[in-house]
file work39.cif (mmCIF, C-alpha atoms and all ligand atoms)
data_model
loop_
_atom_site.label_atom_id
_atom_site.label_comp_id
_atom_site.auth_asym_id
_atom_site.auth_seq_id
_atom_site.Cartn_x
_atom_site.Cartn_y
_atom_site.Cartn_z
CA MET X 122 -6.44 -9.52 -0.14
CA ALA X 123 -5.49 -7.41 2.85
CA MET X 124 -4.42 -4.60 0.55
CA ALA X 125 -7.58 -4.81 -1.52
CA ARG X 126 -9.62 -4.66 1.65
CA THR X 127 -7.69 -1.64 2.91
CA THR X 128 -7.99 0.12 -0.43
CA ALA X 129 -11.71 -0.53 -0.41
CA LEU X 130 -11.95 0.78 3.12
CA LEU X 131 -10.01 3.92 2.23
CA LEU X 132 -12.36 4.53 -0.68
CA VAL X 133 -15.36 4.02 1.55
CA ALA X 134 -13.83 6.36 4.13
CA ALA X 135 -13.32 9.04 1.49
CA ALA X 136 -16.86 8.61 0.20
CA LEU X 137 -18.29 8.75 3.71
CA LEU X 138 -16.31 11.87 4.47
CA ALA X 139 -17.67 13.54 1.36
CA ALA X 140 -21.22 12.41 2.12
CA SER X 141 -21.18 12.65 5.88
CA SER X 142 -22.45 16.19 6.40
CA SER X 143 -25.54 15.74 4.23
CA ALA X 144 -26.18 12.26 5.63
CA TRP X 145 -26.19 13.53 9.18
CA GLU X 146 -28.33 16.53 8.29
CA VAL X 147 -30.98 14.22 6.90
CA ASN X 148 -30.59 11.97 9.92
CA ILE X 149 -31.16 14.86 12.31
CA GLN X 150 -34.38 15.70 10.50
CA MET X 151 -35.86 12.36 11.50
CA PRO X 152 -39.41 12.67 12.81
CA ALA X 153 -39.49 13.28 16.54
CA SER X 154 -41.98 10.49 16.99
CA ALA X 155 -40.59 7.07 17.79
CA ALA X 156 -41.93 5.65 14.55
CA VAL X 157 -39.28 5.70 11.85
CA ASP X 158 -40.94 6.35 8.55
CA ASP X 159 -40.06 4.43 5.43
CA ALA X 160 -38.48 7.38 3.67
CA VAL X 161 -35.84 7.65 6.40
CA ALA X 162 -35.25 3.95 6.98
CA PRO X 163 -32.91 3.32 4.00
CA LEU X 164 -30.52 5.96 5.30
CA ILE X 165 -30.39 4.37 8.74
CA HIS X 166 -29.56 1.04 7.15
CA ALA X 167 -26.81 2.74 5.17
CA LEU X 168 -25.28 4.07 8.40
CA ARG X 169 -25.41 0.75 10.22
CA PRO X 170 -22.17 -0.68 8.83
CA LEU X 171 -20.41 2.40 10.15
CA LEU X 172 -21.56 1.48 13.64
CA GLY X 173 -20.65 -2.15 13.12
CA SER X 174 -24.07 -3.10 14.40
CA GLY X 175 -25.55 -4.42 11.18
CA LYS X 176 -26.19 -8.04 10.32
CA GLN X 177 -22.82 -9.29 11.56
CA ALA X 178 -22.87 -10.86 14.99
CA GLY X 179 -20.89 -9.19 17.72
CA VAL X 180 -20.79 -6.16 19.92
CA ALA X 181 -21.95 -2.72 18.84
CA CYS X 182 -18.63 -1.18 17.99
CA ASP X 183 -19.32 2.35 19.20
CA SER X 184 -20.27 0.96 22.63
CA TRP X 185 -17.19 -1.24 22.62
CA ARG X 186 -14.95 1.73 21.79
CA LEU X 187 -16.44 3.79 24.62
CA GLY X 188 -15.86 0.86 26.97
CA VAL X 189 -12.22 0.71 25.90
CA GLU X 190 -11.57 4.42 26.25
CA ALA X 191 -13.30 4.54 29.64
CA TYR X 192 -11.21 1.57 30.88
CA ASN X 193 -14.27 -0.56 31.45
CA VAL X 194 -13.08 -3.01 28.81
CA ARG X 195 -9.60 -4.24 29.80
CA ASP X 196 -7.05 -6.89 28.90
CA TRP X 197 -8.37 -7.24 25.38
CA LYS X 198 -6.13 -8.83 22.77
CA THR X 199 -7.69 -7.73 19.50
CA VAL X 200 -10.40 -5.45 18.19
CA PRO X 201 -13.59 -7.54 17.82
CA ALA X 202 -13.64 -9.01 14.31
CA ASN X 203 -16.89 -7.26 13.42
CA CYS X 204 -15.39 -3.90 14.40
CA GLU X 205 -12.41 -3.83 12.04
CA GLY X 206 -14.31 -1.65 9.57
CA TYR X 207 -15.68 0.56 12.32
CA VAL X 208 -12.24 1.19 13.84
CA GLY X 209 -10.82 1.81 10.37
CA HIS X 210 -13.47 4.41 9.63
CA TYR X 211 -12.96 5.98 13.02
CA MET X 212 -9.18 6.24 12.68
CA LEU X 213 -9.08 7.36 9.04
CA GLY X 214 -11.97 9.76 9.17
CA ASN X 215 -12.69 12.97 10.99
CA HIS X 216 -13.90 11.42 14.22
CA PHE X 217 -10.47 10.47 15.56
CA ARG X 218 -9.07 13.92 14.71
CA ARG X 219 -12.00 15.63 16.41
CA ASP X 220 -11.53 13.51 19.52
CA CYS X 221 -7.80 14.32 19.59
CA LYS X 222 -8.51 18.02 19.26
CA VAL X 223 -10.79 17.97 22.31
CA VAL X 224 -8.05 16.32 24.39
CA ILE X 225 -5.39 18.81 23.36
CA ASP X 226 -7.69 21.83 23.68
CA GLN X 227 -8.32 20.76 27.28
CA ALA X 228 -4.61 20.23 27.92
CA ILE X 229 -3.74 23.67 26.56
CA ALA X 230 -6.50 25.31 28.59
CA TYR X 231 -5.05 23.56 31.65
CA VAL X 232 -1.56 24.85 30.81
CA ASP X 233 -2.92 28.38 30.37
CA GLY X 234 -4.37 28.20 33.88
CA LEU X 235 -1.15 27.07 35.57
CA LYS X 236 0.87 29.28 37.87
CA LEU X 237 4.34 28.11 36.94
CA ALA X 238 7.32 28.41 39.25
CA GLY X 239 9.55 29.20 36.28
CA ASN X 240 12.49 27.45 37.93
CA GLY X 241 13.09 25.00 35.09
CA LYS X 242 11.75 22.09 37.13
CA ASP X 243 8.35 21.76 35.47
CA VAL X 244 8.10 18.80 33.11
CA TRP X 245 5.41 17.09 31.05
CA VAL X 246 5.53 13.38 30.29
CA PHE X 247 4.70 12.17 26.79
CA ASP X 248 4.21 8.64 25.60
CA ILE X 249 5.34 8.11 21.98
CA ASP X 250 3.33 5.46 20.09
CA GLU X 251 -0.21 6.60 19.33
CA THR X 252 0.45 9.68 21.47
CA THR X 253 3.23 11.57 19.68
CA LEU X 254 3.78 9.40 16.60
CA SER X 255 1.07 7.46 14.78
CA ASN X 256 1.47 3.85 13.71
CA LEU X 257 -1.72 4.06 11.67
CA PRO X 258 0.14 3.36 8.38
CA TYR X 259 1.06 -0.04 9.87
CA TYR X 260 -2.32 -0.76 11.42
CA ALA X 261 -4.19 0.22 8.26
CA THR X 262 -2.57 -2.75 6.53
CA HIS X 263 -2.93 -5.06 9.56
CA GLY X 264 -6.62 -4.99 10.31
CA PHE X 265 -6.68 -1.89 12.54
CA GLY X 266 -5.96 -4.07 15.55
CA ALA X 267 -8.41 -6.84 14.63
CA ARG X 268 -5.52 -9.21 13.89
CA PRO X 269 -3.25 -10.59 16.62
CA TYR X 270 -0.20 -8.48 17.43
CA ASN X 271 2.82 -9.48 15.36
CA ALA X 272 6.04 -8.24 16.99
CA THR X 273 8.14 -9.10 13.93
CA SER X 274 6.19 -7.04 11.43
CA PHE X 275 5.44 -4.24 13.88
CA ASP X 276 9.10 -3.90 14.87
CA ALA X 277 10.09 -3.84 11.20
CA TYR X 278 7.67 -0.95 10.72
CA VAL X 279 9.04 0.93 13.75
CA MET X 280 12.59 0.44 12.46
CA GLU X 281 11.67 2.30 9.28
CA GLY X 282 11.39 5.42 11.44
CA SER X 283 8.60 6.69 9.22
CA ALA X 284 5.72 7.05 11.68
CA PRO X 285 3.88 10.32 11.07
CA VAL X 286 3.30 12.94 13.74
CA LEU X 287 0.02 13.25 15.62
CA PRO X 288 -0.39 16.96 14.97
CA GLU X 289 -2.53 17.83 17.99
CA THR X 290 0.10 16.44 20.35
CA LYS X 291 2.75 18.45 18.55
CA ARG X 292 0.66 21.56 19.16
CA LEU X 293 0.70 20.82 22.90
CA TYR X 294 4.42 20.01 22.83
CA TYR X 295 5.35 23.42 21.40
CA LYS X 296 2.94 25.20 23.69
CA LEU X 297 4.79 23.63 26.64
CA LEU X 298 8.21 24.66 25.33
CA LYS X 299 6.90 28.20 24.91
CA VAL X 300 5.80 28.46 28.55
CA GLY X 301 8.93 26.76 29.89
CA ILE X 302 7.58 23.28 30.67
CA LYS X 303 10.10 20.67 29.58
CA PRO X 304 8.85 17.73 27.52
CA VAL X 305 9.98 14.29 28.64
CA PHE X 306 9.40 11.13 26.62
CA ILE X 307 8.83 7.84 28.42
CA THR X 308 8.17 5.07 25.92
CA GLY X 309 7.63 1.33 26.01
CA ARG X 310 9.93 1.07 22.99
CA THR X 311 13.13 -0.71 23.97
CA GLU X 312 16.59 0.83 24.18
CA ASP X 313 17.70 -0.68 20.84
CA LYS X 314 15.18 1.61 19.14
CA ARG X 315 16.68 4.82 20.53
CA ALA X 316 18.39 5.99 17.33
CA VAL X 317 15.43 5.26 15.08
CA THR X 318 13.05 6.87 17.57
CA VAL X 319 15.15 10.04 17.84
CA GLY X 320 15.41 10.16 14.05
CA ASN X 321 11.66 9.67 13.66
CA LEU X 322 10.83 12.36 16.23
CA ARG X 323 13.23 14.82 14.58
CA SER X 324 11.94 14.10 11.08
CA GLN X 325 8.43 14.87 12.34
CA GLY X 326 9.52 18.24 13.69
CA PHE X 327 10.24 17.52 17.36
CA SER X 328 13.23 18.98 19.12
CA GLY X 329 14.12 20.39 22.51
CA TRP X 330 12.95 17.54 24.77
CA MET X 331 14.63 17.18 28.14
CA SER X 332 14.99 13.41 28.08
CA LEU X 333 13.92 10.29 26.25
CA THR X 334 13.55 7.17 28.36
CA LEU X 335 13.23 3.81 26.62
CA LYS X 336 12.59 0.47 28.26
CA GLN X 337 15.68 -1.48 29.24
CA HIS X 338 16.25 -4.92 27.74
CA GLY X 339 14.98 -7.71 29.86
CA PHE X 340 12.55 -5.57 31.87
CA LYS X 341 9.76 -7.94 32.80
CA GLY X 342 7.27 -5.78 34.66
CA SER X 343 4.09 -4.16 33.43
CA ALA X 344 3.94 -0.86 31.58
CA ILE X 345 2.37 0.68 34.69
CA SER X 346 5.27 -0.36 36.91
CA TYR X 347 7.90 0.73 34.36
CA LYS X 348 6.36 4.11 33.61
CA SER X 349 5.41 5.02 37.17
CA ALA X 350 8.94 4.11 38.37
CA GLU X 351 10.40 6.42 35.72
CA ARG X 352 8.08 9.23 36.79
CA LYS X 353 9.14 8.64 40.38
CA LYS X 354 12.78 9.12 39.34
CA LEU X 355 11.85 12.47 37.85
CA GLU X 356 10.16 13.58 41.05
CA ASP X 357 13.06 12.30 43.15
CA ALA X 358 15.34 14.45 41.02
CA GLY X 359 13.25 17.49 41.97
CA TYR X 360 11.10 17.79 38.88
CA VAL X 361 7.39 18.56 39.05
CA ILE X 362 5.29 16.55 36.61
CA VAL X 363 2.63 19.08 35.71
CA GLY X 364 1.09 16.87 33.05
CA ASN X 365 1.21 13.39 31.59
CA ILE X 366 -0.32 12.29 28.29
CA GLY X 367 -0.68 8.87 26.74
CA ASP X 368 -3.00 6.70 24.70
CA GLN X 369 -3.00 3.76 27.15
CA TRP X 370 -4.29 3.75 30.70
CA SER X 371 -0.96 2.17 31.61
CA ASP X 372 0.68 5.45 30.57
CA ILE X 373 -1.18 7.45 33.18
CA LEU X 374 -1.99 5.08 36.04
CA GLY X 375 0.39 4.44 38.94
CA ALA X 376 1.76 6.99 41.38
CA PRO X 377 3.14 9.47 40.75
CA GLU X 378 0.76 10.05 37.86
CA GLY X 379 1.49 13.72 37.39
CA ALA X 380 -0.64 16.67 38.48
CA ARG X 381 -3.01 16.06 35.57
CA THR X 382 -3.33 13.30 33.05
CA PHE X 383 -4.69 13.33 29.53
CA SER X 384 -5.81 10.31 27.59
CA ARG X 385 -5.66 10.25 23.81
CA PRO X 386 -8.01 7.90 21.96
CA ASP X 387 -6.68 4.53 20.80
CA PRO X 388 -9.14 1.77 19.90
CA MET X 389 -6.51 -0.33 18.08
CA TYR X 390 -4.59 -2.04 20.88
CA TYR X 391 -4.30 -2.51 24.64
CA ILE X 392 -1.13 -2.51 26.73
CA ALA X 393 -1.40 -3.61 30.35
C1 LIG J 401 4.42 -11.86 11.40
O1 LIG J 401 5.09 -11.02 10.48
C2 LIG J 401 6.14 -11.65 9.79
C3 LIG J 401 6.86 -10.58 8.99
O2 LIG J 401 5.98 -9.89 8.15
C4 LIG J 401 5.60 -12.78 8.95
O3 LIG J 401 6.65 -13.43 8.25
C5 LIG J 401 4.88 -13.75 9.85
O4 LIG J 401 4.27 -14.75 9.08
C6 LIG J 401 3.84 -13.05 10.70
N1 LIG J 401 3.29 -13.99 11.69
C7 LIG J 401 2.01 -14.27 11.75
C8 LIG J 401 1.64 -15.23 12.83
O5 LIG J 401 1.19 -13.78 11.02
MG MG J 402 1.31 4.63 23.35
#

call {"tool": "encode", "arguments": {"input": "work39.cif", "output": "structure tokens"}}
result
Amino acid sequence: MAMARTTALLLVAAALLAASSSAWEVNIQMPASAAVDDAVAPLIHALRPLLGSGKQAGVACDSWRLGVEAYNVRDWKTVPANCEGYVGHYMLGNHFRRDCKVVIDQAIAYVDGLKLAGNGKDVWVFDIDETTLSNLPYYATHGFGARPYNATSFDAYVMEGSAPVLPETKRLYYKLLKVGIKPVFITGRTEDKRAVTVGNLRSQGFSGWMSLTLKQHGFKGSAISYKSAERKKLEDAGYVIVGNIGDQWSDILGAPEGARTFSRPDPMYYIA
């Protein structure tokens, strides 16, 4: 049933992608007056499921997603049930890619404006999951975050080492190497996943990072405390964190944050 649902969603996503430009053109031509005329109304109804604000009870999913990305909505466990389709469309369609491109364009513009010391001490911190590698193949068959987190099945997926690259992040990564800023990975993945993580990064075209820090077994603190402590170690060793990018707020909060932080979109899960 899950597969059938996903397949259906993929088909809908493809159809929406094909139809989206004309649909939005028509939508933009709506009369300026507040009254929505009958000829336009059917189209608006057709777009409602995409916003998750149709007949199903629940939050308006676009507002919920903004709340998540802006860190107004916190400590959530799952995507609201009525937003599974919305998040699926968002992740599989153009919107997610467009949003990622804006983030990376800004990061690269920032890099272009830097006056670098050129002493080999400039580093940039990268998170891995949903920042460098995408776990969308897993989430697409597990409700796009609408189902409770299952460590067993998620770990099994990670251990395949098959997560695809997030191409915009890779563009930033190679830009940094070109200008002499060293990439550093700090991930919430645990130390036992080092080999599979290195293999996955390499198979997706990454090389030349300065270090890869994984979480030690038995660490009990929050992601904020773990990641900020690791960044502190970098600074104590004389490195300058010129940038820091992640998909979770816990990747980029907590001193030292880095001279600038960048937040990639992720409406599928929350890590404190
Ligand atoms: C979690 O995933 C495992 C492995 O796929 C499965 O056997 C188990 O039933 C799942 N647990 C829940 C609560 O869905
Ligand atoms: Mg992440």

call {"tool": "residues_near_ligand", "arguments": {"input": "work39.cif", "ligand": "ligand MG 402 (chain J)", "cutoff": "7 Å", "atoms": "all atoms listed in the file", "output": "count of residues only"}}
result
8

call {"tool": "closest_residue", "arguments": {"input": "work39.cif", "among": "X:Tyr211, X:Tyr259, X:Tyr278, X:Trp245", "to": "X:Val300", "atoms": "only C-alpha atoms"}}
result
X:Trp245

call {"tool": "closest_residue", "arguments": {"input": "work39.cif", "among": "X:Arg195, X:Arg268, X:Val232, X:Pro258", "to": "ligand LIG 401 (chain J)", "atoms": "all atoms listed in the file"}}
result
X:Arg268

call {"tool": "residues_near_ligand", "arguments": {"input": "work39.cif", "ligand": "ligand LIG 401 (chain J)", "cutoff": "8 Å", "atoms": "all atoms listed in the file", "output": "list of chain:residue names"}}
result
X:Pro269, X:Asn271, X:Ala272, X:Thr273, X:Ser274, X:Phe275, X:Ala277

call {"tool": "write_last_selection", "arguments": {"input": "work39.cif", "atoms": "C-alpha atoms", "output": "mmCIF file, in the frame of the given file"}}
result
data_model
loop_
_atom_site.group_PDB
_atom_site.id
_atom_site.type_symbol
_atom_site.label_atom_id
_atom_site.label_comp_id
_atom_site.auth_asym_id
_atom_site.auth_seq_id
_atom_site.Cartn_x
_atom_site.Cartn_y
_atom_site.Cartn_z
ATOM 1 C CA PRO X 269 -3.250 -10.590 16.620
ATOM 2 C CA ASN X 271 2.820 -9.480 15.360
ATOM 3 C CA ALA X 272 6.040 -8.240 16.990
ATOM 4 C CA THR X 273 8.140 -9.100 13.930
ATOM 5 C CA SER X 274 6.190 -7.040 11.430
ATOM 6 C CA PHE X 275 5.440 -4.240 13.880
ATOM 7 C CA ALA X 277 10.090 -3.840 11.200
#

call {"tool": "closest_residue", "arguments": {"input": "work39.cif", "among": "X:Pro304, X:Gly364, X:Gly375, X:Gly266", "to": "X:Cys204", "atoms": "all atoms listed in the file"}}
result
X:Gly266

call {"tool": "residues_around", "arguments": {"input": "work39.cif", "residues": "stretch 354-362 of chain X", "least_positions_apart": "5", "cutoff": "7 Å", "atoms": "only C-alpha atoms", "output": "ChimeraX atom specification"}}
result
/X:242-245,379-380

call {"tool": "write_last_selection", "arguments": {"input": "work39.cif", "atoms": "C-alpha atoms", "output": "tab-separated table (two decimals), keeping the file's coordinate frame"}}
result
chain	number	residue	atom	x	y	z
X	242	LYS	CA	11.75	22.09	37.13
X	243	ASP	CA	8.35	21.76	35.47
X	244	VAL	CA	8.10	18.80	33.11
X	245	TRP	CA	5.41	17.09	31.05
X	379	GLY	CA	1.49	13.72	37.39
X	380	ALA	CA	-0.64	16.67	38.48

call {"tool": "atom_distance", "arguments": {"input": "work39.cif", "atom1": "atom CA of X:Asn203", "atom2": "atom CA of X:Thr262"}}
result
16.5 Å
